[in-house]
Number of protein chains: 2
Amino acid sequence: MHQETSAEALEVILHKAKTAATELKKMSARQRGSFMRTIGKEIELLGDKLIHTAMAESHLPEARLTGERARTIFQWQSYANAAELGTCLDLRIDTANPSRTPPKPDLRKMQVPIGPVAVFGASNFPFAFSTAGGDTACAVAAGCPVIVKAHPAHPKTAALMEQAILRAVEKCRFPEGTFAQIWDPGIEVAQALVSHPVIKAVAFTGSFTGGKALFDLANRRKDPIPVFAEMGSVNPVFILPGKLGADPAALAQQFAASVTLGVGQFCTNPGLAIGIEGPDLDQFIAALTQQVKAVAPANMLHAGIASNYHARRSQALQQPGVAAPGISDITPAEGQGLATVAVTDAATFLSNPVLHEEVFGPFSLVVKCAGAAEMLEIAGALQGQLTATLLATAGDLASNEELIHHVQDFCGRIIVNNFPTGVDVSLAMHHGGPFPASTDSRFTSVGADGIRRFSRPLCFQNWPDEFLPDELKNENPLDLWRVINNETTLEPVKS
Amino acid sequence: MHQETSAEALEVILHKAKTAATELKKMSARQRGSFMRTIGKEIELLGDKLIHTAMAESHLPEARLTGERARTIFQWQSYANAAELGTCLDLRIDTANPSRTPPKPDLRKMQVPIGPVAVFGASNFPFAFSTAGGDTACAVAAGCPVIVKAHPAHPKTAALMEQAILRAVEKCRFPEGTFAQIWDPGIEVAQALVSHPVIKAVAFTGSFTGGKALFDLANRRKDPIPVFAEMGSVNPVFILPGKLGADPAALAQQFAASVTLGVGQFCTNPGLAIGIEGPDLDQFIAALTQQVKAVAPANMLHAGIASNYHARRSQALQQPGVAAPGISDITPAEGQGLATVAVTDAATFLSNPVLHEEVFGPFSLVVKCAGAAEMLEIAGALQGQLTATLLATAGDLASNEELIHHVQDFCGRIIVNNFPTGVDVSLAMHHGGPFPASTDSRFTSVGADGIRRFSRPLCFQNWPDEFLPDELKNENPLDLWRVINNETTLEPVKS
């Protein structure tokens, strides 16, 4: 529906973004907050058309998309609140002490916008992680212009969201270059975008291949820039003996629900379960098998995702030492995902890197360990993960300290007796993890701390009060929490 | 004096560091703080021997090294305080809400140690940015083991500092792998260190060539890791007309003192001054020339620095359109730095990238602009800088809003009517800047926020209170500032 963005058009867009970057810096957090809430309202005003367009493009059901829309609007609102509260500004003031040797200067520091941001959304969240998704909202909250590459899997949804944002730009009289969307069925325009000196950061949600390519491209620039790529993971679930023994069938039911939720198309889908062999684990596997066999195949997001799922799933099942007791009994149609549970032992898992890779879809691998030592060995061998889950009693937690330390080392979120799907939009959330779960384990892509990705600290030394940003002025006119001479306070600077 | 560390010895060191990483995670911030203060005391106990050893190896004068030792001990103490106060832990708690749809889980987040850190120190600060310098102190404060590559310019100083740290390790019964130093006259061992899977972050202070090479190496790893390289800059000083007209000679005197301080061997040395041509600027240049002519040449840190200075200085002076009215009248001896002020015009500067590069030593280039527009053009053309300085009256600041916005875009610290040399160790300091001043503009290498370089967030979902880290427990037993349900507070979590 859209022509590929030409090189000339991209230059115009980037030039406007550069101009907008300077204009946006002059705006207050309150102005940004108001703009962001207006975007939320404009998304709401797209009404049923948005939902129906996304249903047609993504095969996602109405209820799921209605929920995702609410989540997306909440992201704009809650990140607007965070921007106004200064949560991610790290305000620090150290006052002067002229009588010290050497004299101590007045130093004040805050986060400032990093500059224009390129955003690459995901196909599995056409609202929440795409054109008007969390990355765009975080960048705007930080004060940065955004250029989104429209996702080719949902172009009409992308165009609607673009209209909503541009209407808010106009209503709030924000600079024209605040937001733009580019179109590229291939990768050339996207590469030009990431390589361009005007772009100062990149956010991406999707495959390892795509994220790593952008990361490498950004690092090859004359001036390398940060790339925040969230690339998914297998999200291991460690089933500890006490918890497993209490009710294996109930655990299996919950696990099956998490694995098959949304045809398994979540980056936090639990693709790996690790337990200690014995009757309890056998019972868990039997119950899980039974659950999965009854799951009706459903359409995946698009043909590419479905064929990729079947290829990766087959590859996993063909590995020596892997059995597949749990495969949905219902034959899938073209483009549908077939729920599958496979089983292997720890030695096979540890020796075969193929089994460590994500199979994006309703697939999970259960690994049977001979004992606690093998479970510990697996924890030490896993690559970086978004999440890790412990199904555990208090007794299990108390007697597995070493395991817990190892699990913490490879994940960004560690869960006890919940399931990893369902990533709450809240300040305490961390959605990211050690490589290859994400390219930068220090930053989250969900929750208001994600705003930090698009800012950098700037220190003001010896500035006259009247020329400082409001956030750092003596009087604290915005009533923000600041650390003054190492004390956290709402008070003004005492003169 | 030291044999090159063998590949086998390096493996042993890395294995111990990996074990220590797990042990250190179990220690409280108070234990870390006590260990860090003990290191400070052990450095003090090295006494005159440390000063005399560094004097012989660095040619730095006694008073300077005595001051640097005090700064180094203060770094250990103040970062210990910050670790105990939880300043850089970003503690966030969002409590559960089971009645929400979907149910909201309990989420708690804090910064955890990133893992073993490799540190490469600088020759110009044998104490404060070397073996026991700020990078090592920040990594220890974050809870990470450290492996330092001893700087070949001051091996005996490095060995003394190593002894001080190892004595503290023993006294405080910290794990053996908490600290190690490796020796390598070349680059092979250092490359093996940075490429090793056990290492999770790298800190470097020094040249662009060295820092960029480590950055590229770390990004080529199977699992790329962050590199915090502080690579210096030219630290432009914008002399605005009102301030310049008030007292050109006094400004010139201050500027000369900053350029020639410590034979110009500071990464914040002001290597560039930008003013608008006219009688005031002529008077400034004349006074600066007079000052510089009277500066006695002094020994530089080592022969390599001196020869590099003379080569880069000569290269700058040989560029067309560059004059050098201010060269010290006193003939330098071998290994000494010759204070130099050069002058050019804006067109020459803008068209010649050689003139944008740092000349590490007592050198500065004055650029004469035809007017405010050219000054703005220079601000838009400069690459990333650690600092930028505005010499300005209130009237100058009010009438140069656009210039100030451009200057903020390229620097990490923006100074009014101070000089950039003298980097205060304080929380509000930012020592870093957009590439190529540093490889990661989002992090500082001076001040307690530098601790953040060596941690990453970990989110705990649905954890029983008793198994949470003390920092996140309901009762707030460590009395730390936390953000609970978006409110900054010292209160416990209300049940």
# chains A, B, ... in the order shown; residues from 1 in each chain; ligands from 1

$ select_by_dssp --residues "segment 121-238 of chain A" --states "helix (DSSP H, G or I)" --output "number ranges by chain"
A: 134-142, 155-171, 176-178, 188-195, 208-220

$ closest_atom_pairs --of "chain A" --to "chain B" --cutoff "6 Å" --atoms "only C-alpha atoms" --output "Markdown table"
| residue | atom | partner | partner_atom | distance |
| --- | --- | --- | --- | --- |
| A:Arg92 | CA | B:Ala428 | CA | 5.0 |
| A:Ile93 | CA | B:Ala428 | CA | 5.6 |
| A:Asp94 | CA | B:Ala428 | CA | 5.8 |
| A:Leu107 | CA | B:Ala428 | CA | 5.6 |
| A:Arg108 | CA | B:Ala428 | CA | 5.4 |
| A:Lys109 | CA | B:Ala428 | CA | 5.2 |
| A:Asp223 | CA | B:Phe435 | CA | 5.8 |
| A:Gly412 | CA | B:Leu458 | CA | 5.0 |
| A:Arg413 | CA | B:Cys459 | CA | 4.4 |
| A:Ile414 | CA | B:Phe460 | CA | 5.1 |
| A:Ile415 | CA | B:Gln461 | CA | 4.6 |
| A:Val416 | CA | B:Asn462 | CA | 5.6 |
| A:Ala428 | CA | B:Arg92 | CA | 5.0 |
| A:His430 | CA | B:Cys459 | CA | 5.6 |
| A:Phe435 | CA | B:Asp223 | CA | 5.8 |
| A:Arg442 | CA | B:Arg456 | CA | 4.5 |
| A:Arg456 | CA | B:Arg442 | CA | 4.5 |
| A:Leu458 | CA | B:Gly412 | CA | 5.0 |
| A:Cys459 | CA | B:Arg413 | CA | 4.5 |
| A:Phe460 | CA | B:Ile414 | CA | 5.1 |
| A:Gln461 | CA | B:Ile415 | CA | 4.6 |
| A:Asn462 | CA | B:Val416 | CA | 5.6 |
| A:Trp463 | CA | B:Val416 | CA | 5.6 |

$ write_last_selection --atoms "N, CA, C and O atoms" --output "CSV table (one decimal), in the first residue's frame"
chain,number,residue,atom,x,y,z
A,92,ARG,N,20.8,15.2,40.3
A,92,ARG,CA,21.8,15.3,41.3
A,92,ARG,C,22.4,16.7,41.4
A,92,ARG,O,22.7,17.2,40.4
A,93,ILE,N,22.5,17.2,42.6
A,93,ILE,CA,23.1,18.5,42.8
A,93,ILE,C,24.1,18.4,43.9
A,93,ILE,O,23.9,17.9,45.0
A,94,ASP,N,25.3,18.9,43.6
A,94,ASP,CA,26.4,19.0,44.6
A,94,ASP,C,26.7,20.5,44.6
A,94,ASP,O,27.2,21.1,43.6
A,107,LEU,N,27.9,21.7,40.9
A,107,LEU,CA,27.7,20.7,39.8
A,107,LEU,C,26.2,20.2,39.9
A,107,LEU,O,25.8,19.8,41.0
A,108,ARG,N,25.6,20.2,38.8
A,108,ARG,CA,24.2,19.7,38.7
A,108,ARG,C,24.0,18.8,37.5
A,108,ARG,O,24.5,19.2,36.4
A,109,LYS,N,23.4,17.7,37.7
A,109,LYS,CA,23.3,16.7,36.6
A,109,LYS,C,21.9,16.2,36.3
A,109,LYS,O,21.2,16.0,37.3
A,223,ASP,N,30.6,7.0,14.3
A,223,ASP,CA,30.3,7.2,15.7
A,223,ASP,C,29.3,6.1,16.1
A,223,ASP,O,28.1,6.2,15.8
A,412,GLY,N,17.0,-11.6,33.2
A,412,GLY,CA,16.7,-10.2,33.5
A,412,GLY,C,15.5,-10.2,34.5
A,412,GLY,O,15.3,-9.2,35.2
A,413,ARG,N,14.7,-11.2,34.6
A,413,ARG,CA,13.6,-11.3,35.5
A,413,ARG,C,13.5,-12.7,36.1
A,413,ARG,O,13.5,-13.7,35.3
A,414,ILE,N,13.5,-12.9,37.4
A,414,ILE,CA,13.4,-14.2,38.0
A,414,ILE,C,12.1,-14.3,38.8
A,414,ILE,O,11.8,-13.5,39.7
A,415,ILE,N,11.4,-15.4,38.4
A,415,ILE,CA,10.0,-15.5,38.8
A,415,ILE,C,9.9,-16.7,39.8
A,415,ILE,O,10.4,-17.8,39.5
A,416,VAL,N,9.1,-16.6,40.8
A,416,VAL,CA,8.8,-17.7,41.7
A,416,VAL,C,7.3,-18.0,41.6
A,416,VAL,O,6.5,-17.1,41.8
A,428,ALA,N,8.8,-1.3,38.1
A,428,ALA,CA,9.7,-2.3,38.6
A,428,ALA,C,9.9,-3.5,37.6
A,428,ALA,O,10.7,-4.4,37.9
A,430,HIS,N,11.5,-5.5,34.6
A,430,HIS,CA,12.6,-5.5,33.7
A,430,HIS,C,12.4,-6.4,32.6
A,430,HIS,O,12.2,-7.6,32.8
A,435,PHE,N,22.9,-10.9,26.9
A,435,PHE,CA,23.0,-11.4,25.5
A,435,PHE,C,22.9,-12.9,25.5
A,435,PHE,O,23.5,-13.5,26.3
A,442,ARG,N,21.5,-3.8,30.4
A,442,ARG,CA,21.4,-2.8,31.4
A,442,ARG,C,20.1,-2.0,31.2
A,442,ARG,O,19.8,-1.1,32.0
A,456,ARG,N,20.9,10.7,28.1
A,456,ARG,CA,22.3,10.6,28.6
A,456,ARG,C,22.5,11.7,29.6
A,456,ARG,O,21.8,12.7,29.5
A,458,LEU,N,23.9,15.0,31.4
A,458,LEU,CA,24.6,16.2,31.1
A,458,LEU,C,24.8,16.9,32.5
A,458,LEU,O,23.9,17.1,33.2
A,459,CYS,N,26.1,17.3,32.7
A,459,CYS,CA,26.4,18.0,33.9
A,459,CYS,C,26.6,19.5,33.7
A,459,CYS,O,27.3,19.8,32.7
A,460,PHE,N,26.0,20.3,34.5
A,460,PHE,CA,26.1,21.7,34.4
A,460,PHE,C,27.0,22.2,35.5
A,460,PHE,O,26.7,22.0,36.7
A,461,GLN,N,28.1,22.8,35.2
A,461,GLN,CA,29.1,23.3,36.2
A,461,GLN,C,29.0,24.8,36.3
A,461,GLN,O,29.2,25.5,35.3
A,462,ASN,N,28.8,25.3,37.5
A,462,ASN,CA,28.9,26.7,37.8
A,462,ASN,C,27.9,27.6,37.0
A,462,ASN,O,28.3,28.7,36.6
A,463,TRP,N,26.7,27.1,36.8
A,463,TRP,CA,25.7,27.8,36.0
A,463,TRP,C,24.9,28.8,36.9
A,463,TRP,O,24.5,28.4,38.0

$ atom_distance --atom1 "atom CA of Phe284 of chain A" --atom2 "atom CA of Thr260 of chain A"
16.3 Å

$ closest_residue --among "B:Lys212, B:Lys368, B:Lys293, B:His15" --to "Asp280 of chain B" --atoms "only C-alpha atoms"
B:Lys368

$ atom_distance --atom1 "atom CA of Glu358 of chain B" --atom2 "atom CA of Ala298 of chain B"
19.6 Å

$ residues_around --residues "segment 267-273 of chain B" --least-positions-apart "2" --cutoff "10 Å" --atoms "only C-alpha atoms" --output "number ranges by chain"
B: 124, 205-207, 230-239, 255-256, 258-265, 275, 341-343, 355-368, 385-390, 419-423, 431, 437

$ select_by_dssp --residues "segment 145-292 of chain A" --states "strand (DSSP E)" --output "count of residues only"
26

$ closest_residue --among "A:Val117, A:Met36, A:Ala159, A:Ala250" --to "Val202 of chain A" --atoms "only C-alpha atoms"
A:Val117

$ atom_distance --atom1 "atom CA of Gln290 of chain B" --atom2 "atom CA of Gly326 of chain B"
7.0 Å

$ residues_around --residues "Cys138 of chain A" --least-positions-apart "5" --cutoff "7 Å" --atoms "only C-alpha atoms" --output "number ranges by chain"
A: 79, 450-451

$ residues_around --residues "segment 176-183 of chain B" --least-positions-apart "5" --cutoff "6 Å" --atoms "only C-alpha atoms" --output "VMD selection string"
chain B and resid 4 to 5 16 to 17 20 145 to 150

$ write_last_selection --atoms "N, CA and C atoms" --output "short mmCIF file (atom, residue, chain, number, x, y, z; two decimals), in the first residue's frame"
data_model
loop_
_atom_site.label_atom_id
_atom_site.label_comp_id
_atom_site.auth_asym_id
_atom_site.auth_seq_id
_atom_site.Cartn_x
_atom_site.Cartn_y
_atom_site.Cartn_z
N GLU B 4 55.52 -11.45 31.67
CA GLU B 4 54.22 -11.42 31.02
C GLU B 4 53.36 -12.56 31.56
N THR B 5 52.09 -12.26 31.81
CA THR B 5 51.16 -13.28 32.31
C THR B 5 50.94 -14.32 31.21
N LYS B 16 39.26 -18.02 39.02
CA LYS B 16 39.08 -17.49 40.38
C LYS B 16 38.13 -16.30 40.39
N ALA B 17 38.21 -15.47 39.36
CA ALA B 17 37.31 -14.31 39.29
C ALA B 17 35.86 -14.76 39.16
N ALA B 20 34.76 -15.94 42.48
CA ALA B 20 34.60 -14.78 43.37
C ALA B 20 33.32 -14.00 43.05
N PRO B 145 34.24 -8.68 40.73
CA PRO B 145 35.69 -8.90 40.77
C PRO B 145 36.35 -8.09 39.64
N VAL B 146 37.61 -7.75 39.84
CA VAL B 146 38.32 -6.91 38.87
C VAL B 146 39.65 -7.56 38.48
N ILE B 147 39.93 -7.53 37.19
CA ILE B 147 41.26 -7.90 36.70
C ILE B 147 41.82 -6.68 35.98
N VAL B 148 42.96 -6.16 36.49
CA VAL B 148 43.58 -4.97 35.91
C VAL B 148 44.76 -5.38 35.05
N LYS B 149 44.86 -4.76 33.88
CA LYS B 149 46.10 -4.88 33.13
C LYS B 149 47.02 -3.77 33.62
N ALA B 150 48.14 -4.15 34.23
CA ALA B 150 49.07 -3.15 34.77
C ALA B 150 49.56 -2.23 33.66
#
